[in-house]
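Participant: Got a structure for you, questions after.
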Amino acid sequence: MISKVEKDYISKGIAAGIRNDGRGPNESRQLELETGIINQASGSCRVSVRGGTEVLVGIKVSVGDIQELDTRDEEEEAMKNRADVGRIVCSVECSPSAKIVLDKRQIEEMCILYTQILNRTLNGPQGGLDLYKLCIIPGSVCWILNIDVLILNYGGSVFDAIFMAVRGAIHNTRLAKVKVESTDGAFDFEVEDDETEVLEGRENVPVAVTAFQIDKNHVIDAMPLEEQCSDSSVSVMVNKHGKLCGVQKGLKGSLETSLLINMIQHCQNKGQEVISAMDSFLAQEERRIIDLVEPVGFR
């Protein structure tokens with residue numbers, strides 16, 4: 001719990017444009033990003049933010065039945081629309097050894113919420129990936145991307161770190177090529193493990209930027225103490241083109257319309273900066289994996 005004196009100190013500092021660690025209100029912390037660290041996974045990424053937040057994401061690609069995936073759709077039209085697309089299944093968990101200020105119930109609620117947001121975002125048209133390319137045989141078989149997120153440490157703004165790690169893991173994922181054959185009207189397929197390809201649309205996967213309201217101001221990439229001073233937050237998912245892919249209201253406080261618009265705009269602009277730096281960094285990561293060079297961070 002944060003004391004009234006600490007909260008007053010932090011809020012007055014932010015009002016003056018000064019944060020505890022010397023950053024400005026819209027300045028992010030330095031982080032390290034490393035891909036391809038899980039050998040058994042089809043793609044993986046670890047994001048470590050200065051100040052404690054650390055997230056690990058692994059992606060395992062498997063073959064599944066499209067009809068099985070659509071049994072949860074109540075409307076026939078929804079089943080028809082999903083008959084020729086693949087599926088993304090996300091899961092967010094928190095390591096028992098993670099340093100975190102939340103209690104057990106809050107951790108469970110956080111993981112459930114983040115899982116729902118990831119599934120909703122990545123399985124929709126705003127998710128960036130071409131789900132039609134994940135279909136092997138329409139109405140029968142498709143690729144399933146199982147995205148497992150593990151929160152190793154909590155140092156604030158973990159939701160943003162999760163989206164960055166997921167985007168990095170998707171960029172690192174390689175999909176085996178499939179050869180489909182037709183015999184007497186029946187379709188069969190063969191997976192060619194020796195040939196792989198990247199996921200179509202990986203460059204359009206969004207990132208998330210969260211702004212926390214503190215009094216009449218707001219900050220981006222908040223530390224745990226700053227999060228505890230906040231009554232309301234807004235998480236904005238944005239892609240490389242600057243288009244909004246989702247907006248999630250957090251905490252229990254209310255927001256004035258003008259402040260909400262201002263927070264969304266700042267998050268939208270920051271998201272494009274993050275993606276620009278991330279794309280450049282991911283290109284370096286691919287060369288690093290080949291050359292086995294030590295990872296570096298970007299701001």
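Naming works like this for the structure tokens: A, B, ... for the chains as they're shown, residue 1 at the start of each chain, ligands 1 onward in shown order.
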Give me, as a list in words, all polymer residues having an atom no more than 12 Å from Tyr9 (chain A), counting only C-alpha atoms and skipping those fewer than 6 positions away in the same chain.
Facilitator: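 Contacts, with the query itself left out: Ile2, Ser3, Ala15, Ala16, Ile18, Arg19, Asn20, Ile214, Leu225, Glu226 and Cys229 of chain A.
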Participant: What lies within 6 Å of region 239-250 of chain A using only C-alpha atoms, ignoring chain neighbours under 3 positions off, as a list in words?
Facilitator: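 Listing them by chain and then by number gives Gln126, Asn204, Pro206, Ser232, Ser233, Val234, Ser235, Val236 and Gln272 of chain A.
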Participant: Between A:Arg167, A:Val205, A:Ser11, A:Ser42, which residue has the minimum interatomic distance to Pro125 (chain A), considering only C-alpha atoms?
Facilitator: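 Using only C-alpha atoms, the shortest distance to Pro125 (chain A) belongs to A:Val205.
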Participant: I need the residues in region 189-243 of chain A that are strand (DSSP E or B) according to DSSP; give them as an MDAnalysis selection string.
Facilitator: chainID A and resid 189:198 207:214 217:220 232:238
Participant: Output the selection as an mmCIF file, in the first residue's frame - C-alpha atoms for each residue.
Facilitator:
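So part_37.cif came out as:
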data_model
loop_
_atom_site.group_PDB
_atom_site.id
_atom_site.type_symbol
_atom_site.label_atom_id
_atom_site.label_comp_id
_atom_site.auth_asym_id
_atom_site.auth_seq_id
_atom_site.Cartn_x
_atom_site.Cartn_y
_atom_site.Cartn_z
ATOM 1 C CA PHE A 189 -2.069 -32.504 -46.926
ATOM 2 C CA GLU A 190 1.563 -33.069 -46.091
ATOM 3 C CA VAL A 191 3.659 -30.845 -43.817
ATOM 4 C CA GLU A 192 7.106 -30.085 -45.188
ATOM 5 C CA ASP A 193 9.171 -29.463 -42.055
ATOM 6 C CA ASP A 194 12.341 -28.665 -43.982
ATOM 7 C CA GLU A 195 10.736 -25.559 -45.534
ATOM 8 C CA THR A 196 9.343 -22.747 -43.400
ATOM 9 C CA GLU A 197 7.879 -19.299 -43.919
ATOM 10 C CA VAL A 198 7.051 -16.273 -41.801
ATOM 11 C CA VAL A 207 1.338 -2.945 -29.709
ATOM 12 C CA ALA A 208 -0.311 -1.569 -26.582
ATOM 13 C CA VAL A 209 0.455 1.673 -24.762
ATOM 14 C CA THR A 210 -1.167 2.388 -21.400
ATOM 15 C CA ALA A 211 -1.651 5.840 -19.888
ATOM 16 C CA PHE A 212 -2.355 6.175 -16.154
ATOM 17 C CA GLN A 213 -4.266 9.183 -14.845
ATOM 18 C CA ILE A 214 -2.773 10.825 -11.761
ATOM 19 C CA ASN A 217 -2.241 14.553 -15.494
ATOM 20 C CA HIS A 218 -1.248 11.216 -16.962
ATOM 21 C CA VAL A 219 1.922 9.191 -17.495
ATOM 22 C CA ILE A 220 2.996 6.453 -19.901
ATOM 23 C CA SER A 232 -8.040 5.340 -13.950
ATOM 24 C CA SER A 233 -6.085 4.099 -16.962
ATOM 25 C CA VAL A 234 -6.515 3.652 -20.703
ATOM 26 C CA SER A 235 -4.740 1.025 -22.802
ATOM 27 C CA VAL A 236 -4.610 1.748 -26.520
ATOM 28 C CA MET A 237 -3.747 -0.899 -29.117
ATOM 29 C CA VAL A 238 -2.299 0.656 -32.266
#
Participant: Using DSSP assignments from the backbone, pull out every residue in region 8-213 of chain A that falls under helix (DSSP H, G or I) and give it to me as number ranges by chain.
Facilitator: A: 8-15, 66-72, 76-81, 104-122, 125-127, 131-134, 158-172, 202-204
Participant: Restrict the calculation to only C-alpha atoms, then for each residue of region 139-188 of chain A with any atom at most 8 Å from an atom of region 95-111 of chain A give the closest atom pair and their distance in Å to one decimal, rows by chain and rising residue number, as a tab-separated table.
Facilitator:
residue	atom	partner	partner_atom	distance
A:Leu150	CA	A:Ser95	CA	6.4
A:Ile151	CA	A:Ser95	CA	5.8
A:Leu152	CA	A:Ala98	CA	5.1
A:Asn153	CA	A:Ala98	CA	4.5
A:Tyr154	CA	A:Ile100	CA	5.1
A:Gly155	CA	A:Ile100	CA	7.4
Participant: Okay, now the selection with all heavy atoms, as a PDB file, in the first residue's frame?
Facilitator:
ATOM      1  N   LEU A 150       4.067 -15.690 -20.141  1.00  0.00           N
ATOM      2  CA  LEU A 150       4.437 -15.889 -18.742  1.00  0.00           C
ATOM      3  C   LEU A 150       5.036 -14.603 -18.194  1.00  0.00           C
ATOM      4  O   LEU A 150       6.042 -14.099 -18.706  1.00  0.00           O
ATOM      5  CB  LEU A 150       5.457 -17.031 -18.613  1.00  0.00           C
ATOM      6  CG  LEU A 150       5.902 -17.381 -17.178  1.00  0.00           C
ATOM      7  CD1 LEU A 150       4.716 -17.856 -16.353  1.00  0.00           C
ATOM      8  CD2 LEU A 150       6.996 -18.433 -17.207  1.00  0.00           C
ATOM      9  N   ILE A 151       4.400 -14.057 -17.158  1.00  0.00           N
ATOM     10  CA  ILE A 151       4.909 -12.859 -16.498  1.00  0.00           C
ATOM     11  C   ILE A 151       5.947 -13.302 -15.472  1.00  0.00           C
ATOM     12  O   ILE A 151       5.619 -13.938 -14.469  1.00  0.00           O
ATOM     13  CB  ILE A 151       3.773 -12.078 -15.818  1.00  0.00           C
ATOM     14  CG1 ILE A 151       2.707 -11.688 -16.848  1.00  0.00           C
ATOM     15  CG2 ILE A 151       4.317 -10.832 -15.119  1.00  0.00           C
ATOM     16  CD1 ILE A 151       1.444 -11.107 -16.225  1.00  0.00           C
ATOM     17  N   LEU A 152       7.203 -12.972 -15.722  1.00  0.00           N
ATOM     18  CA  LEU A 152       8.284 -13.396 -14.838  1.00  0.00           C
ATOM     19  C   LEU A 152       8.492 -12.421 -13.687  1.00  0.00           C
ATOM     20  O   LEU A 152       8.820 -12.833 -12.577  1.00  0.00           O
ATOM     21  CB  LEU A 152       9.584 -13.532 -15.641  1.00  0.00           C
ATOM     22  CG  LEU A 152       9.559 -14.555 -16.786  1.00  0.00           C
ATOM     23  CD1 LEU A 152      10.866 -14.499 -17.565  1.00  0.00           C
ATOM     24  CD2 LEU A 152       9.313 -15.952 -16.251  1.00  0.00           C
ATOM     25  N   ASN A 153       8.307 -11.132 -13.956  1.00  0.00           N
ATOM     26  CA  ASN A 153       8.433 -10.097 -12.924  1.00  0.00           C
ATOM     27  C   ASN A 153       7.515  -8.937 -13.255  1.00  0.00           C
ATOM     28  O   ASN A 153       7.252  -8.655 -14.433  1.00  0.00           O
ATOM     29  CB  ASN A 153       9.876  -9.596 -12.797  1.00  0.00           C
ATOM     30  CG  ASN A 153      10.706 -10.453 -11.855  1.00  0.00           C
ATOM     31  OD1 ASN A 153      10.260 -10.849 -10.789  1.00  0.00           O
ATOM     32  ND2 ASN A 153      11.919 -10.757 -12.275  1.00  0.00           N
ATOM     33  N   TYR A 154       7.027  -8.276 -12.222  1.00  0.00           N
ATOM     34  CA  TYR A 154       6.109  -7.158 -12.414  1.00  0.00           C
ATOM     35  C   TYR A 154       6.769  -5.880 -11.914  1.00  0.00           C
ATOM     36  O   TYR A 154       7.012  -5.719 -10.726  1.00  0.00           O
ATOM     37  CB  TYR A 154       4.807  -7.404 -11.648  1.00  0.00           C
ATOM     38  CG  TYR A 154       3.697  -6.441 -11.987  1.00  0.00           C
ATOM     39  CD1 TYR A 154       2.631  -6.841 -12.777  1.00  0.00           C
ATOM     40  CD2 TYR A 154       3.707  -5.134 -11.510  1.00  0.00           C
ATOM     41  CE1 TYR A 154       1.595  -5.962 -13.087  1.00  0.00           C
ATOM     42  CE2 TYR A 154       2.692  -4.255 -11.822  1.00  0.00           C
ATOM     43  CZ  TYR A 154       1.637  -4.665 -12.604  1.00  0.00           C
ATOM     44  OH  TYR A 154       0.634  -3.805 -12.920  1.00  0.00           O
ATOM     45  N   GLY A 155       7.065  -4.977 -12.864  1.00  0.00           N
ATOM     46  CA  GLY A 155       7.651  -3.698 -12.513  1.00  0.00           C
ATOM     47  C   GLY A 155       6.880  -2.536 -13.105  1.00  0.00           C
ATOM     48  O   GLY A 155       7.436  -1.467 -13.362  1.00  0.00           O
TER      49      GLY A 155
END
Participant: To one decimal place in Å, what is the distance between CA of Ala165 (chain A) and CA of Arg46 (chain A)?
Facilitator: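 If I compute the distance from CA of Ala165 (chain A) to CA of Arg46 (chain A), I get 5.9 Å.
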Participant: Write out as a PyMOL selection string which residues come within 7 Å of region 116-122 of chain A when counting only C-alpha atoms, dropping same-chain ones fewer than 2 positions away.
Facilitator: chain A and resi 88-90+112-114+124+126-127
Participant: Would you mind exporting N, CA and C atoms of the selected residues as a PDB file, in the first residue's frame?
Facilitator:
ATOM      1  N   ILE A  88      -6.071 -18.373 -33.296  1.00  0.00           N
ATOM      2  CA  ILE A  88      -5.039 -18.004 -32.334  1.00  0.00           C
ATOM      3  C   ILE A  88      -5.608 -18.209 -30.936  1.00  0.00           C
ATOM      4  N   VAL A  89      -4.901 -18.970 -30.118  1.00  0.00           N
ATOM      5  CA  VAL A  89      -5.339 -19.268 -28.756  1.00  0.00           C
ATOM      6  C   VAL A  89      -4.286 -18.740 -27.793  1.00  0.00           C
ATOM      7  N   CYS A  90      -4.665 -17.758 -26.986  1.00  0.00           N
ATOM      8  CA  CYS A  90      -3.719 -17.105 -26.075  1.00  0.00           C
ATOM      9  C   CYS A  90      -3.960 -17.522 -24.625  1.00  0.00           C
ATOM     10  N   ILE A 112      -6.714 -13.372 -16.462  1.00  0.00           N
ATOM     11  CA  ILE A 112      -7.928 -13.663 -17.231  1.00  0.00           C
ATOM     12  C   ILE A 112      -8.259 -12.510 -18.171  1.00  0.00           C
ATOM     13  N   LEU A 113      -8.172 -11.281 -17.666  1.00  0.00           N
ATOM     14  CA  LEU A 113      -8.474 -10.106 -18.486  1.00  0.00           C
ATOM     15  C   LEU A 113      -7.504  -9.984 -19.653  1.00  0.00           C
ATOM     16  N   TYR A 114      -6.210 -10.123 -19.392  1.00  0.00           N
ATOM     17  CA  TYR A 114      -5.218 -10.000 -20.455  1.00  0.00           C
ATOM     18  C   TYR A 114      -5.370 -11.108 -21.492  1.00  0.00           C
ATOM     19  N   GLY A 124      -9.257 -10.959 -34.417  1.00  0.00           N
ATOM     20  CA  GLY A 124     -10.070 -10.067 -35.226  1.00  0.00           C
ATOM     21  C   GLY A 124      -9.277  -9.485 -36.389  1.00  0.00           C
ATOM     22  N   GLN A 126      -8.388  -6.570 -36.779  1.00  0.00           N
ATOM     23  CA  GLN A 126      -7.443  -5.586 -36.281  1.00  0.00           C
ATOM     24  C   GLN A 126      -6.162  -6.223 -35.769  1.00  0.00           C
ATOM     25  N   GLY A 127      -6.133  -7.563 -35.678  1.00  0.00           N
ATOM     26  CA  GLY A 127      -4.965  -8.257 -35.141  1.00  0.00           C
ATOM     27  C   GLY A 127      -3.763  -8.247 -36.058  1.00  0.00           C
TER      28      GLY A 127
END
Participant: Can you work out the spacing between CA of Cys267 (chain A) and CA of Gly52 (chain A) in Å, to one decimal?
Facilitator: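 Answer for the CA of Cys267 (chain A) to CA of Gly52 (chain A) separation: 21.8 Å.
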Participant: Nearest to Ala41 (chain A): which of A:Met263, A:Leu251, A:Val85, A:Leu145 is it, counting only C-alpha atoms?
Facilitator: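 Among A:Met263, A:Leu251, A:Val85, A:Leu145, it is A:Leu145 that comes nearest to Ala41 (chain A).
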Participant: Go through region 20-67 of chain A and flag each residue having an atom no more than 12 Å from region 275-280 of chain A; for those, report the closest pair of atoms plus their distance in Å to one decimal, using only C-alpha atoms, ordered by chain and rising number, as JSON lines.
Facilitator:
{"residue": "A:Gln30", "atom": "CA", "partner": "A:Ala277", "partner_atom": "CA", "distance": 11.7}
{"residue": "A:Leu31", "atom": "CA", "partner": "A:Met278", "partner_atom": "CA", "distance": 10.7}
{"residue": "A:Glu32", "atom": "CA", "partner": "A:Met278", "partner_atom": "CA", "distance": 10.6}
{"residue": "A:Leu33", "atom": "CA", "partner": "A:Met278", "partner_atom": "CA", "distance": 8.9}
{"residue": "A:Glu34", "atom": "CA", "partner": "A:Met278", "partner_atom": "CA", "distance": 11.2}
{"residue": "A:Thr35", "atom": "CA", "partner": "A:Met278", "partner_atom": "CA", "distance": 12.0}
{"residue": "A:Val47", "atom": "CA", "partner": "A:Met278", "partner_atom": "CA", "distance": 11.3}
Participant: Restricting it to N, CA and C atoms, dump the selection as an mmCIF file, in the first residue's frame.
Facilitator:
data_model
loop_
_atom_site.group_PDB
_atom_site.id
_atom_site.type_symbol
_atom_site.label_atom_id
_atom_site.label_comp_id
_atom_site.auth_asym_id
_atom_site.auth_seq_id
_atom_site.Cartn_x
_atom_site.Cartn_y
_atom_site.Cartn_z
ATOM 1 N N GLN A 30 14.001 2.192 -20.721
ATOM 2 C CA GLN A 30 14.793 1.384 -21.633
ATOM 3 C C GLN A 30 14.440 -0.091 -21.429
ATOM 4 N N LEU A 31 14.473 -0.847 -22.502
ATOM 5 C CA LEU A 31 14.156 -2.260 -22.386
ATOM 6 C C LEU A 31 15.066 -3.096 -23.262
ATOM 7 N N GLU A 32 15.082 -4.385 -22.987
ATOM 8 C CA GLU A 32 15.809 -5.354 -23.800
ATOM 9 C C GLU A 32 14.819 -6.341 -24.384
ATOM 10 N N LEU A 33 15.025 -6.682 -25.623
ATOM 11 C CA LEU A 33 14.159 -7.620 -26.322
ATOM 12 C C LEU A 33 15.028 -8.677 -26.972
ATOM 13 N N GLU A 34 14.671 -9.929 -26.764
ATOM 14 C CA GLU A 34 15.438 -11.033 -27.335
ATOM 15 C C GLU A 34 14.469 -12.074 -27.888
ATOM 16 N N THR A 35 14.709 -12.529 -29.106
ATOM 17 C CA THR A 35 13.833 -13.506 -29.743
ATOM 18 C C THR A 35 14.565 -14.829 -29.956
ATOM 19 N N VAL A 47 10.883 -9.885 -23.184
ATOM 20 C CA VAL A 47 11.008 -8.437 -23.028
ATOM 21 C C VAL A 47 11.327 -8.141 -21.573
#
Participant: Could you tell me which of A:Glu200, A:Val158, A:Thr115, A:Asn172 comes closest to Leu131 (chain A) if we count only C-alpha atoms?
Facilitator: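 Using only C-alpha atoms, Leu131 (chain A) sits closest to A:Glu200.
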